[in-house]
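*Asks:* Sharing data36.tsv here; it has TSV, C-alpha atoms.
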```
chain	number	residue	atom	x	y	z
N	827	MET	CA	142.50	-106.40	85.96
N	828	ILE	CA	139.60	-104.48	84.43
N	829	PRO	CA	138.28	-105.76	81.08
N	830	VAL	CA	139.74	-104.09	77.99
N	831	VAL	CA	138.36	-104.18	74.44
N	832	ALA	CA	140.12	-102.41	71.58
N	833	PHE	CA	138.31	-101.01	68.54
N	834	VAL	CA	140.58	-101.29	65.53
N	835	GLY	CA	140.19	-100.35	61.89
N	836	ALA	CA	141.39	-98.02	59.19
N	837	SER	CA	141.49	-94.30	59.82
N	838	GLY	CA	138.19	-92.78	58.75
N	839	SER	CA	136.20	-95.97	59.25
N	840	GLY	CA	134.26	-94.38	62.10
N	841	LYS	CA	135.81	-95.85	65.25
N	842	THR	CA	135.25	-92.74	67.37
N	843	THR	CA	131.60	-92.48	66.31
N	844	VAL	CA	131.02	-96.17	67.09
N	845	LEU	CA	132.65	-95.65	70.49
N	846	GLU	CA	130.52	-92.59	71.20
N	847	GLY	CA	127.39	-94.66	70.65
N	848	VAL	CA	128.59	-97.62	72.69
N	849	VAL	CA	129.75	-95.42	75.56
N	850	GLY	CA	126.35	-93.75	75.74
N	851	GLU	CA	124.62	-97.15	75.97
N	852	LEU	CA	127.06	-98.51	78.57
N	853	LYS	CA	126.70	-95.37	80.69
N	854	ALA	CA	122.92	-95.80	80.54
N	855	GLN	CA	123.51	-99.20	82.14
N	856	GLY	CA	125.32	-97.52	85.03
N	857	LEU	CA	128.83	-98.63	84.12
N	858	ARG	CA	131.92	-96.47	84.61
N	859	ILE	CA	133.64	-96.33	81.22
N	860	GLY	CA	137.13	-95.34	80.20
N	861	VAL	CA	138.34	-94.88	76.64
N	862	ALA	CA	142.00	-94.89	75.67
N	863	LYS	CA	142.78	-93.50	72.27
N	864	HIS	CA	146.14	-93.96	70.67
N	865	SER	CA	147.34	-91.31	68.29
N	866	HIS	CA	150.40	-91.39	66.06
N	867	HIS	CA	150.36	-87.62	65.91
N	868	GLU	CA	151.73	-85.41	68.60
N	869	VAL	CA	148.82	-83.80	70.34
N	870	GLN	CA	149.04	-80.58	72.29
N	871	LEU	CA	146.30	-80.59	74.86
N	872	ASP	CA	147.83	-78.34	77.48
N	873	GLN	CA	147.73	-74.63	76.81
N	874	PRO	CA	150.72	-72.27	76.69
N	875	GLY	CA	150.82	-69.87	79.61
N	876	LYS	CA	148.82	-71.99	82.02
N	877	ASP	CA	150.55	-73.09	85.22
N	878	THR	CA	150.42	-76.71	84.08
N	879	TRP	CA	152.17	-75.70	80.89
N	880	ARG	CA	154.82	-73.70	82.78
N	881	LEU	CA	155.53	-76.65	85.06
N	882	ALA	CA	155.79	-79.03	82.12
N	883	GLU	CA	158.14	-76.62	80.37
N	884	ALA	CA	160.25	-76.46	83.54
N	885	GLY	CA	160.97	-80.13	82.93
N	886	CYS	CA	158.33	-82.08	84.88
N	887	ASP	CA	157.92	-85.63	83.66
N	888	VAL	CA	154.34	-85.65	84.87
N	889	VAL	CA	151.99	-82.76	85.60
N	890	VAL	CA	148.68	-83.40	87.32
N	891	LEU	CA	145.91	-80.85	87.63
N	892	GLY	CA	143.34	-81.80	90.21
N	893	THR	CA	140.04	-80.07	90.81
N	894	GLN	CA	136.98	-80.84	92.85
N	895	ARG	CA	135.37	-82.43	89.81
N	896	GLY	CA	138.18	-84.42	88.27
N	897	LEU	CA	141.79	-84.67	87.32
N	898	THR	CA	144.01	-84.27	84.29
N	899	MET	CA	147.38	-85.97	84.11
N	900	PHE	CA	149.99	-85.04	81.53
N	901	ASP	CA	152.72	-87.63	81.26
N	902	ARG	CA	155.59	-86.13	79.29
N	903	SER	CA	158.00	-88.95	80.01
N	904	GLY	CA	158.67	-89.40	76.32
N	905	GLU	CA	157.49	-92.98	76.40
N	906	ASP	CA	154.52	-94.75	74.90
N	907	THR	CA	152.38	-96.38	77.59
N	908	PRO	CA	151.21	-99.87	76.58
N	909	LEU	CA	147.46	-100.47	76.77
N	910	GLU	CA	147.96	-102.91	79.66
N	911	ALA	CA	149.65	-100.12	81.65
N	912	VAL	CA	146.82	-97.73	80.76
N	913	ALA	CA	144.40	-100.31	82.17
N	914	ALA	CA	146.42	-100.41	85.39
N	915	LEU	CA	146.34	-96.61	85.51
N	916	VAL	CA	142.54	-96.36	85.32
N	917	ARG	CA	141.88	-99.32	87.60
N	918	GLY	CA	139.41	-98.38	90.29
N	919	ARG	CA	138.17	-95.45	88.20
N	920	VAL	CA	136.31	-97.39	85.53
N	921	ASP	CA	134.58	-100.78	85.14
N	922	LEU	CA	135.51	-101.26	81.50
N	923	LEU	CA	138.24	-99.77	79.33
N	924	LEU	CA	137.58	-99.41	75.62
N	925	ALA	CA	140.46	-98.56	73.36
N	926	GLU	CA	140.71	-96.91	69.97
N	927	GLY	CA	143.80	-97.97	68.13
N	928	TYR	CA	146.40	-99.91	70.15
N	929	GLY	CA	146.22	-102.55	67.38
N	930	ASP	CA	149.33	-104.30	68.71
N	931	ALA	CA	147.91	-104.96	72.17
N	932	ALA	CA	146.99	-108.57	72.91
N	933	VAL	CA	143.44	-107.77	74.01
N	934	PRO	CA	139.99	-108.66	72.63
N	935	LYS	CA	139.23	-106.57	69.56
N	936	VAL	CA	136.26	-105.27	67.64
N	937	ALA	CA	137.10	-104.51	64.00
N	938	VAL	CA	135.42	-101.46	62.49
N	939	VAL	CA	135.24	-101.86	58.72
N	940	ARG	CA	133.55	-99.42	56.36
N	941	ARG	CA	133.43	-100.44	52.74
N	942	ALA	CA	133.97	-96.91	51.43
N	943	VAL	CA	137.27	-96.67	53.34
N	944	SER	CA	138.77	-100.16	53.34
N	945	SER	CA	137.43	-103.71	53.46
N	946	ASP	CA	140.56	-105.10	55.11
N	947	LEU	CA	140.33	-106.89	58.40
N	948	PRO	CA	143.03	-106.31	61.01
N	949	ASP	CA	146.03	-108.65	60.94
N	950	ASP	CA	145.34	-109.86	64.45
N	951	ARG	CA	142.40	-112.22	63.78
N	952	GLU	CA	143.08	-114.29	66.86
N	953	ASN	CA	141.80	-111.66	69.30
N	954	LEU	CA	138.86	-110.57	67.14
N	955	ILE	CA	135.54	-110.93	68.98
N	956	ALA	CA	133.15	-108.96	66.76
N	957	LEU	CA	132.80	-106.73	63.72
N	958	VAL	CA	131.11	-103.41	63.13
N	959	SER	CA	130.78	-103.28	59.41
N	960	ASP	CA	128.71	-102.56	56.35
N	961	VAL	CA	130.49	-105.44	54.59
N	962	PRO	CA	129.66	-109.10	55.21
N	963	PHE	CA	132.56	-111.35	56.20
N	964	ALA	CA	132.73	-115.14	56.20
N	965	LEU	CA	133.79	-115.23	59.85
N	966	PRO	CA	132.09	-116.97	62.76
N	967	LEU	CA	131.81	-113.68	64.68
N	968	PRO	CA	128.90	-111.43	65.57
N	969	ARG	CA	128.59	-108.54	63.15
N	970	PHE	CA	126.88	-105.25	63.98
N	971	SER	CA	125.86	-102.47	61.67
N	972	PHE	CA	126.96	-98.88	62.36
N	973	ASP	CA	123.56	-98.00	63.81
N	974	GLU	CA	123.32	-100.68	66.50
N	975	PRO	CA	125.18	-99.20	69.50
N	976	ARG	CA	122.72	-100.80	71.93
N	977	ALA	CA	123.20	-104.32	70.57
N	978	LEU	CA	126.97	-103.85	70.49
N	979	ALA	CA	126.99	-102.54	74.07
N	980	ASP	CA	124.94	-105.54	75.23
N	981	PHE	CA	127.33	-107.87	73.44
N	982	LEU	CA	130.35	-106.22	75.11
N	983	VAL	CA	128.80	-106.47	78.57
N	984	GLY	CA	128.01	-110.14	77.95
N	985	PHE	CA	131.51	-110.79	76.64
N	986	CYS	CA	133.21	-109.08	79.58
N	987	CYS	CA	130.98	-110.84	82.13
N	988	HIS	CA	131.77	-114.17	80.48
N	989	GLN	CA	135.50	-113.33	80.57
N	990	ALA	CA	135.30	-112.38	84.24
N	991	GLU	CA	133.58	-115.69	85.04
N	992	THR	CA	136.10	-117.81	83.18
N	993	HIS	CA	139.19	-116.06	84.54
A	515	MET	CA	155.23	-94.86	98.21
A	516	ILE	CA	157.09	-92.08	96.39
A	517	PRO	CA	158.02	-89.00	98.44
A	518	VAL	CA	155.55	-86.12	98.28
A	519	VAL	CA	156.15	-82.50	99.30
A	520	ALA	CA	153.42	-79.87	99.03
A	521	PHE	CA	154.09	-76.17	98.44
A	522	VAL	CA	151.45	-74.14	100.20
A	523	GLY	CA	150.79	-70.45	100.51
A	524	ALA	CA	148.46	-67.64	99.57
A	525	SER	CA	147.41	-67.22	95.97
A	526	GLY	CA	149.85	-64.87	94.27
A	527	SER	CA	152.74	-65.64	96.61
A	528	GLY	CA	154.68	-67.26	93.77
A	529	LYS	CA	154.29	-71.00	94.35
A	530	THR	CA	154.36	-71.88	90.66
A	531	THR	CA	157.47	-69.80	90.04
A	532	VAL	CA	159.23	-71.39	93.02
A	533	LEU	CA	158.27	-74.82	91.71
A	534	GLU	CA	159.53	-74.01	88.22
A	535	GLY	CA	162.95	-73.19	89.67
A	536	VAL	CA	163.08	-76.24	91.92
A	537	VAL	CA	161.93	-78.58	89.15
A	538	GLY	CA	164.68	-77.30	86.87
A	539	GLU	CA	167.32	-78.00	89.53
A	540	LEU	CA	165.94	-81.44	90.38
A	541	LYS	CA	165.81	-82.40	86.71
A	542	ALA	CA	169.45	-81.31	86.38
A	543	GLN	CA	170.20	-83.92	89.05
A	544	GLY	CA	168.60	-86.60	86.89
A	545	LEU	CA	165.46	-87.09	88.93
A	546	ARG	CA	162.05	-87.77	87.43
A	547	ILE	CA	159.72	-85.13	88.82
A	548	GLY	CA	155.95	-84.90	88.97
A	549	VAL	CA	153.97	-81.86	90.03
A	550	ALA	CA	150.36	-82.02	91.13
A	551	LYS	CA	148.54	-78.73	91.18
A	552	HIS	CA	145.19	-78.34	92.84
A	553	SER	CA	142.82	-75.75	91.49
A	554	HIS	CA	139.53	-74.63	92.94
A	555	HIS	CA	138.45	-73.40	89.55
A	556	GLU	CA	137.09	-75.65	86.87
A	557	VAL	CA	139.68	-75.95	84.18
A	558	GLN	CA	138.96	-76.90	80.61
A	559	LEU	CA	142.06	-78.47	79.16
A	560	ASP	CA	140.52	-80.65	76.51
A	561	GLN	CA	139.42	-78.98	73.31
A	562	PRO	CA	135.93	-79.04	71.81
A	563	GLY	CA	135.74	-81.05	68.64
A	564	LYS	CA	138.71	-83.31	69.33
A	565	ASP	CA	138.06	-87.04	69.57
A	566	THR	CA	138.99	-86.98	73.27
A	567	TRP	CA	136.42	-84.25	73.81
A	568	ARG	CA	133.74	-86.16	71.86
A	569	LEU	CA	134.37	-89.31	73.92
A	570	ALA	CA	134.22	-87.36	77.16
A	571	GLU	CA	130.97	-85.73	76.05
A	572	ALA	CA	129.60	-89.21	75.23
A	573	GLY	CA	129.84	-89.88	78.94
A	574	CYS	CA	133.27	-91.46	79.51
A	575	ASP	CA	134.42	-91.25	83.11
A	576	VAL	CA	138.03	-91.34	81.98
A	577	VAL	CA	139.55	-90.52	78.61
A	578	VAL	CA	143.19	-91.33	77.92
A	579	LEU	CA	145.12	-90.10	74.92
A	580	GLY	CA	148.32	-92.02	74.35
A	581	THR	CA	151.04	-91.12	71.90
A	582	GLN	CA	154.55	-92.35	71.30
A	583	ARG	CA	155.88	-89.55	73.48
A	584	GLY	CA	153.50	-89.51	76.40
A	585	LEU	CA	149.99	-89.73	77.69
A	586	THR	CA	147.20	-87.47	78.81
A	587	MET	CA	144.48	-88.75	81.12
A	588	PHE	CA	141.26	-86.87	81.69
A	589	ASP	CA	139.36	-88.13	84.71
A	590	ARG	CA	135.85	-86.71	84.60
A	591	SER	CA	134.53	-88.86	87.42
A	592	GLY	CA	133.29	-85.77	89.24
A	593	GLU	CA	135.44	-86.53	92.25
A	594	ASP	CA	138.42	-84.82	93.80
A	595	THR	CA	141.43	-87.13	93.92
A	596	PRO	CA	143.32	-86.86	97.23
A	597	LEU	CA	147.05	-86.16	96.96
A	598	GLU	CA	147.85	-89.64	98.29
A	599	ALA	CA	145.88	-91.14	95.38
A	600	VAL	CA	147.68	-88.83	92.94
A	601	ALA	CA	150.96	-90.18	94.32
A	602	ALA	CA	149.75	-93.73	93.71
A	603	LEU	CA	148.77	-92.74	90.17
A	604	VAL	CA	152.21	-91.40	89.23
A	605	ARG	CA	154.12	-94.14	91.01
A	606	GLY	CA	156.72	-95.65	88.72
A	607	ARG	CA	156.62	-92.56	86.51
A	608	VAL	CA	158.40	-90.12	88.84
A	609	ASP	CA	160.89	-90.25	91.72
A	610	LEU	CA	159.42	-87.32	93.61
A	611	LEU	CA	156.00	-85.70	93.56
A	612	LEU	CA	155.77	-82.00	94.38
A	613	ALA	CA	152.37	-80.50	94.98
A	614	GLU	CA	150.98	-76.99	94.68
A	615	GLY	CA	148.00	-76.50	96.90
A	616	TYR	CA	146.55	-79.63	98.52
A	617	GLY	CA	146.90	-77.81	101.85
A	618	ASP	CA	144.74	-80.41	103.62
A	619	ALA	CA	146.97	-83.35	102.74
A	620	ALA	CA	149.02	-84.79	105.61
A	621	VAL	CA	152.33	-84.57	103.77
A	622	PRO	CA	155.54	-82.57	104.36
A	623	LYS	CA	155.02	-78.95	103.36
A	624	VAL	CA	157.04	-75.97	102.23
A	625	ALA	CA	155.31	-72.67	102.97
A	626	VAL	CA	155.69	-69.94	100.36
A	627	VAL	CA	155.20	-66.54	101.99
A	628	ARG	CA	155.60	-63.23	100.22
A	629	ARG	CA	155.26	-60.15	102.38
A	630	ALA	CA	153.48	-58.12	99.71
A	631	VAL	CA	150.73	-60.74	99.52
A	632	SER	CA	150.32	-62.16	103.00
A	633	SER	CA	152.60	-62.90	105.94
A	634	ASP	CA	150.40	-65.68	107.29
A	635	LEU	CA	151.81	-69.14	107.74
A	636	PRO	CA	149.65	-72.15	106.86
A	637	ASP	CA	147.49	-73.60	109.62
A	638	ASP	CA	149.19	-76.96	109.38
A	639	ARG	CA	152.48	-76.18	111.19
A	640	GLU	CA	153.06	-79.78	112.15
A	641	ASN	CA	154.03	-80.88	108.65
A	642	LEU	CA	156.02	-77.76	107.79
A	643	ILE	CA	159.60	-78.60	106.80
A	644	ALA	CA	160.82	-75.32	105.28
A	645	LEU	CA	159.91	-71.81	104.22
A	646	VAL	CA	160.41	-69.85	101.04
A	647	SER	CA	159.94	-66.31	102.15
A	648	ASP	CA	161.04	-62.70	102.12
A	649	VAL	CA	159.83	-62.43	105.73
A	650	PRO	CA	161.77	-63.80	108.71
A	651	PHE	CA	159.91	-66.17	111.00
A	652	ALA	CA	160.83	-67.31	114.49
A	653	LEU	CA	160.59	-70.96	113.53
A	654	PRO	CA	163.28	-73.65	113.77
A	655	LEU	CA	163.01	-74.38	110.06
A	656	PRO	CA	165.27	-73.73	107.10
A	657	ARG	CA	164.26	-70.59	105.22
A	658	PHE	CA	165.09	-69.94	101.58
A	659	SER	CA	164.77	-66.75	99.63
A	660	PHE	CA	162.87	-66.68	96.34
A	661	ASP	CA	166.09	-66.79	94.31
A	662	GLU	CA	167.62	-69.94	95.79
A	663	PRO	CA	166.08	-72.79	93.77
A	664	ARG	CA	169.32	-74.79	93.89
A	665	ALA	CA	169.60	-74.67	97.68
A	666	LEU	CA	165.93	-75.54	98.06
A	667	ALA	CA	166.26	-78.45	95.62
A	668	ASP	CA	169.26	-79.79	97.54
A	669	PHE	CA	167.33	-79.48	100.80
A	670	LEU	CA	164.37	-81.39	99.31
A	671	VAL	CA	166.59	-84.20	98.03
A	672	GLY	CA	168.25	-84.46	101.43
A	673	PHE	CA	164.90	-84.43	103.21
A	674	CYS	CA	163.41	-87.12	100.96
A	675	CYS	CA	166.51	-89.33	101.24
A	676	HIS	CA	166.37	-89.01	105.01
A	677	GLN	CA	162.66	-89.90	104.98
A	678	ALA	CA	163.30	-92.94	102.79
A	679	GLU	CA	166.00	-94.12	105.20
A	680	THR	CA	163.87	-93.74	108.30
A	681	HIS	CA	160.72	-95.37	106.89
```
Please, can you express the file's structure as structure tokens?

*Replies:*
Amino acid sequence: MIPVVAFVGASGSGKTTVLEGVVGELKAQGLRIGVAKHSHHEVQLDQPGKDTWRLAEAGCDVVVLGTQRGLTMFDRSGEDTPLEAVAALVRGRVDLLLAEGYGDAAVPKVAVVRRAVSSDLPDDRENLIALVSDVPFALPLPRFSFDEPRALADFLVGFCCHQAETH
Amino acid sequence: MIPVVAFVGASGSGKTTVLEGVVGELKAQGLRIGVAKHSHHEVQLDQPGKDTWRLAEAGCDVVVLGTQRGLTMFDRSGEDTPLEAVAALVRGRVDLLLAEGYGDAAVPKVAVVRRAVSSDLPDDRENLIALVSDVPFALPLPRFSFDEPRALADFLVGFCCHQAETH
């Protein structure tokens, strides 16, 4: 299995921005990175009129568009894919999968907490491995500020290497 | 492996329309259907400004957007995924994978030939299992007209069942 780390926190706390920074640092280290984002809203990414759209409308459960530079897969099965299954899907394509959301998944988590939004920690403390926060917490976990993507990336690489060695 | 059948033919011969009809018939039979389309053009399906777009721009090789009703995966690895690897990707999600394009793949093929566009058959005759055409050909293969999606769907189901039995 590839390593998976989920970034959890209240909406508006800056998870996507934190991930952008971390991804940039991890890419600079030569790693292949995947990000899985979970949304509670329906999202329309395909575009009406395109062939992929027509085929989806015809009833396809899955539509894949492949090109010489990549691939897009639309799964319209009507089911939510658990993070573990997403990890299986991207296996071989990435070295590390970061997630945004997927708070229910039993994977290592980084909590993103911004005082102006909410100072609550996620319910799942057991899987918490670090914090990105402008609020101090009395927890024996590394805490990073919002402007330390490099340090956070280094921590994640160290954590995942350690996990790989002990599993 | 799930069964794979590729629809090949000149651009403009009506492959997508044929597939739309066949998919509708196969869905009516309760099958889970995937379609993989290969495009030689770069296609921009993600949308600037969205979180998925931002994460891709940050350098992610793969971005997945999961919702309660499905999943979209953007692979920006810069590589073309062979049809066999697409089949592995959708395994468990569909019962049958139909392809549009992917003429180089060594899979069973249906040639779509419309006289007004081109009367050429694909180079790969060896894997040809049927024709959809308004032109007669002296080939020992079933030929369907453009308005017989039901008959073509039934043929495909029979062909795939037969393949499954003999493999």

*Asks:* Leaving out stretch 561-572 of chain A and any residue of its chain fewer than 2 positions from it, which residues lie within 9 Å of it when counting all atoms listed in the file, given as a VMD selection string?

*Replies:* (chain N and resid 842 to 843 845 to 850 853 861 to 863 871) or (chain A and resid 558 to 559 574 to 579 588 590)

*Asks:* Any chance you can output those residues with C-alpha atoms as a tab-separated table (two decimals), keeping the file's coordinate frame?

*Replies:*
```tsv
chain	number	residue	atom	x	y	z
N	842	THR	CA	135.25	-92.74	67.37
N	843	THR	CA	131.60	-92.48	66.31
N	845	LEU	CA	132.65	-95.65	70.49
N	846	GLU	CA	130.52	-92.59	71.20
N	847	GLY	CA	127.39	-94.66	70.65
N	848	VAL	CA	128.59	-97.62	72.69
N	849	VAL	CA	129.75	-95.42	75.56
N	850	GLY	CA	126.35	-93.75	75.74
N	853	LYS	CA	126.70	-95.37	80.69
N	861	VAL	CA	138.34	-94.88	76.64
N	862	ALA	CA	142.00	-94.89	75.67
N	863	LYS	CA	142.78	-93.50	72.27
N	871	LEU	CA	146.30	-80.59	74.86
A	558	GLN	CA	138.96	-76.90	80.61
A	559	LEU	CA	142.06	-78.47	79.16
A	574	CYS	CA	133.27	-91.46	79.51
A	575	ASP	CA	134.42	-91.25	83.11
A	576	VAL	CA	138.03	-91.34	81.98
A	577	VAL	CA	139.55	-90.52	78.61
A	578	VAL	CA	143.19	-91.33	77.92
A	579	LEU	CA	145.12	-90.10	74.92
A	588	PHE	CA	141.26	-86.87	81.69
A	590	ARG	CA	135.85	-86.71	84.60
```

*Asks:* Set the distance at 10 Å and use all atoms listed in the file: which residues neighbour N:Arg969 once local chain neighbours fewer than 2 positions away are removed? I'd like the list as a PyMOL selection string.

*Replies:* chain N and resi 936-938+955-963+965-967+971-972+978

*Asks:* Since we have the selection now, will you write its residues out, keeping C-alpha atoms, as a short mmCIF file (atom, residue, chain, number, x, y, z; two decimals), in the coordinates of the input?

*Replies:*
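Once written, part.cif looks like this:
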```
data_model
loop_
_atom_site.label_atom_id
_atom_site.label_comp_id
_atom_site.auth_asym_id
_atom_site.auth_seq_id
_atom_site.Cartn_x
_atom_site.Cartn_y
_atom_site.Cartn_z
CA VAL N 936 136.26 -105.27 67.64
CA ALA N 937 137.10 -104.51 64.00
CA VAL N 938 135.42 -101.46 62.49
CA ILE N 955 135.54 -110.93 68.98
CA ALA N 956 133.15 -108.96 66.76
CA LEU N 957 132.80 -106.73 63.72
CA VAL N 958 131.11 -103.41 63.13
CA SER N 959 130.78 -103.28 59.41
CA ASP N 960 128.71 -102.56 56.35
CA VAL N 961 130.49 -105.44 54.59
CA PRO N 962 129.66 -109.10 55.21
CA PHE N 963 132.56 -111.35 56.20
CA LEU N 965 133.79 -115.23 59.85
CA PRO N 966 132.09 -116.97 62.76
CA LEU N 967 131.81 -113.68 64.68
CA SER N 971 125.86 -102.47 61.67
CA PHE N 972 126.96 -98.88 62.36
CA LEU N 978 126.97 -103.85 70.49
#
```

*Asks:* One number please: atom CA of N:Arg919 to atom CA of A:Pro596, in Å, one decimal.

*Replies:*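 Rounded to one decimal, the two atoms are 13.5 Å apart.
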
*Asks:* Please return the centre and edge lengths, in Å to one decimal, of a box with edges along x, y and z that contains all listed atoms of stretch 976-988 of chain N, widened by 4 Å on every side, as AutoDock Vina command-line options.

*Replies:*
```
--center_x 128.0 --center_y -107.5 --center_z 76.3 --size_x 18.5 --size_y 21.4 --size_z 19.6
```

*Asks:* Which residue out of A:Gly606, A:Pro636, A:Gly617, A:Pro663 has the minimum interatomic distance to A:Pro517 when all atoms listed in the file are used?

*Replies:* A:Gly606

*Asks:* Please, what distance in Å, to one decimal, runs between atom CA of A:Ala599 and atom CA of N:Pro934?

*Replies:* 29.3 Å

*Asks:* So what do you get for atom CA of N:Asp980 versus atom CA of N:Ser944, distance-wise?

*Replies:*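 Taking atom CA of N:Asp980 and atom CA of N:Ser944, their separation equals 26.4 Å.
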
*Asks:* Compile the contact shell of A:Ile516 as a list in words: residues with an atom at most 9 Å away, counting only C-alpha atoms, same-chain residues fewer than 2 positions apart removed.

*Replies:*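 My reading of the contact set: Val518, Ala601, Ala602, Val604, Arg605, Gly606, Val608, Asp609, Leu610, Leu611 and Ala678 of chain A.
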
*Asks:* Using only C-alpha atoms, pick whichever of A:Arg583, A:Tyr616, A:His676, A:Pro656 has the shortest atom-to-atom distance to chain N.

*Replies:*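 Using only C-alpha atoms, chain N sits closest to A:Arg583.
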
*Asks:* Select, from N:Gln855, N:Thr907, N:Ser837, N:Gln989, the residue with the minimum atom-to-atom distance to chain A, counting all atoms listed in the file.

*Replies:*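 Looking at the shortest contact to chain A, the residue is N:Thr907.
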
*Asks:* Between A:Arg664, A:Lys529, A:Arg628, A:His554, which one has atoms that come closest to chain N, using all atoms listed in the file?

*Replies:*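 Ranking A:Arg664, A:Lys529, A:Arg628, A:His554 by distance to chain N, first place goes to A:His554.
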
*Asks:* Taking all atoms listed in the file into account, name the residue in A:Ala667, A:Leu540, A:Ala652, A:Leu545 that is nearest to N:Ser903.

*Replies:*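 Checking each candidate against N:Ser903, we get A:Leu545 as the closest.
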
*Asks:* Since the input is missing atoms for stretch 965-983 of chain N, could you rebuild it with N, CA and C atoms and give the result as a PDB file, in the coordinates of the input?

*Replies:*
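File out.pdb, as written:
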```pdb
ATOM      1  N   LEU N 965     133.105-114.951  58.576  1.00  0.00           N
ATOM      2  CA  LEU N 965     133.790-115.230  59.850  1.00  0.00           C
ATOM      3  C   LEU N 965     132.742-115.589  60.882  1.00  0.00           C
ATOM      4  N   PRO N 966     133.056-116.558  61.738  1.00  0.00           N
ATOM      5  CA  PRO N 966     132.090-116.970  62.760  1.00  0.00           C
ATOM      6  C   PRO N 966     132.066-115.993  63.937  1.00  0.00           C
ATOM      7  N   LEU N 967     131.797-114.715  63.635  1.00  0.00           N
ATOM      8  CA  LEU N 967     131.810-113.680  64.680  1.00  0.00           C
ATOM      9  C   LEU N 967     130.548-112.841  64.557  1.00  0.00           C
ATOM     10  N   PRO N 968     130.054-112.330  65.660  1.00  0.00           N
ATOM     11  CA  PRO N 968     128.900-111.430  65.570  1.00  0.00           C
ATOM     12  C   PRO N 968     129.269-110.173  64.782  1.00  0.00           C
ATOM     13  N   ARG N 969     128.356-109.754  63.919  1.00  0.00           N
ATOM     14  CA  ARG N 969     128.590-108.540  63.150  1.00  0.00           C
ATOM     15  C   ARG N 969     127.473-107.546  63.433  1.00  0.00           C
ATOM     16  N   PHE N 970     127.853-106.308  63.682  1.00  0.00           N
ATOM     17  CA  PHE N 970     126.880-105.250  63.980  1.00  0.00           C
ATOM     18  C   PHE N 970     126.962-104.200  62.896  1.00  0.00           C
ATOM     19  N   SER N 971     125.825-103.594  62.601  1.00  0.00           N
ATOM     20  CA  SER N 971     125.860-102.470  61.670  1.00  0.00           C
ATOM     21  C   SER N 971     126.280-101.213  62.441  1.00  0.00           C
ATOM     22  N   PHE N 972     126.482-100.112  61.721  1.00  0.00           N
ATOM     23  CA  PHE N 972     126.960 -98.880  62.360  1.00  0.00           C
ATOM     24  C   PHE N 972     125.888 -98.216  63.219  1.00  0.00           C
ATOM     25  N   ASP N 973     124.628 -98.653  63.053  1.00  0.00           N
ATOM     26  CA  ASP N 973     123.560 -98.000  63.810  1.00  0.00           C
ATOM     27  C   ASP N 973     122.963 -98.929  64.882  1.00  0.00           C
ATOM     28  N   GLU N 974     123.796 -99.771  65.450  1.00  0.00           N
ATOM     29  CA  GLU N 974     123.320-100.680  66.500  1.00  0.00           C
ATOM     30  C   GLU N 974     124.144-100.553  67.784  1.00  0.00           C
ATOM     31  N   PRO N 975     124.337 -99.355  68.300  1.00  0.00           N
ATOM     32  CA  PRO N 975     125.180 -99.200  69.500  1.00  0.00           C
ATOM     33  C   PRO N 975     124.649 -99.996  70.694  1.00  0.00           C
ATOM     34  N   ARG N 976     123.322-100.084  70.813  1.00  0.00           N
ATOM     35  CA  ARG N 976     122.720-100.800  71.930  1.00  0.00           C
ATOM     36  C   ARG N 976     123.074-102.280  71.901  1.00  0.00           C
ATOM     37  N   ALA N 977     122.902-102.887  70.720  1.00  0.00           N
ATOM     38  CA  ALA N 977     123.200-104.320  70.570  1.00  0.00           C
ATOM     39  C   ALA N 977     124.686-104.584  70.812  1.00  0.00           C
ATOM     40  N   LEU N 978     125.527-103.681  70.303  1.00  0.00           N
ATOM     41  CA  LEU N 978     126.970-103.850  70.490  1.00  0.00           C
ATOM     42  C   LEU N 978     127.341-103.715  71.969  1.00  0.00           C
ATOM     43  N   ALA N 979     126.727-102.736  72.634  1.00  0.00           N
ATOM     44  CA  ALA N 979     126.990-102.540  74.070  1.00  0.00           C
ATOM     45  C   ALA N 979     126.582-103.784  74.856  1.00  0.00           C
ATOM     46  N   ASP N 980     125.407-104.330  74.540  1.00  0.00           N
ATOM     47  CA  ASP N 980     124.940-105.540  75.230  1.00  0.00           C
ATOM     48  C   ASP N 980     125.904-106.701  74.995  1.00  0.00           C
ATOM     49  N   PHE N 981     126.371-106.808  73.751  1.00  0.00           N
ATOM     50  CA  PHE N 981     127.330-107.870  73.440  1.00  0.00           C
ATOM     51  C   PHE N 981     128.611-107.705  74.280  1.00  0.00           C
ATOM     52  N   LEU N 982     129.100-106.467  74.368  1.00  0.00           N
ATOM     53  CA  LEU N 982     130.350-106.220  75.110  1.00  0.00           C
ATOM     54  C   LEU N 982     130.182-106.558  76.589  1.00  0.00           C
ATOM     55  N   VAL N 983     129.046-106.168  77.153  1.00  0.00           N
ATOM     56  CA  VAL N 983     128.800-106.470  78.570  1.00  0.00           C
ATOM     57  C   VAL N 983     128.775-107.990  78.767  1.00  0.00           C
TER      58      VAL N 983
END
```
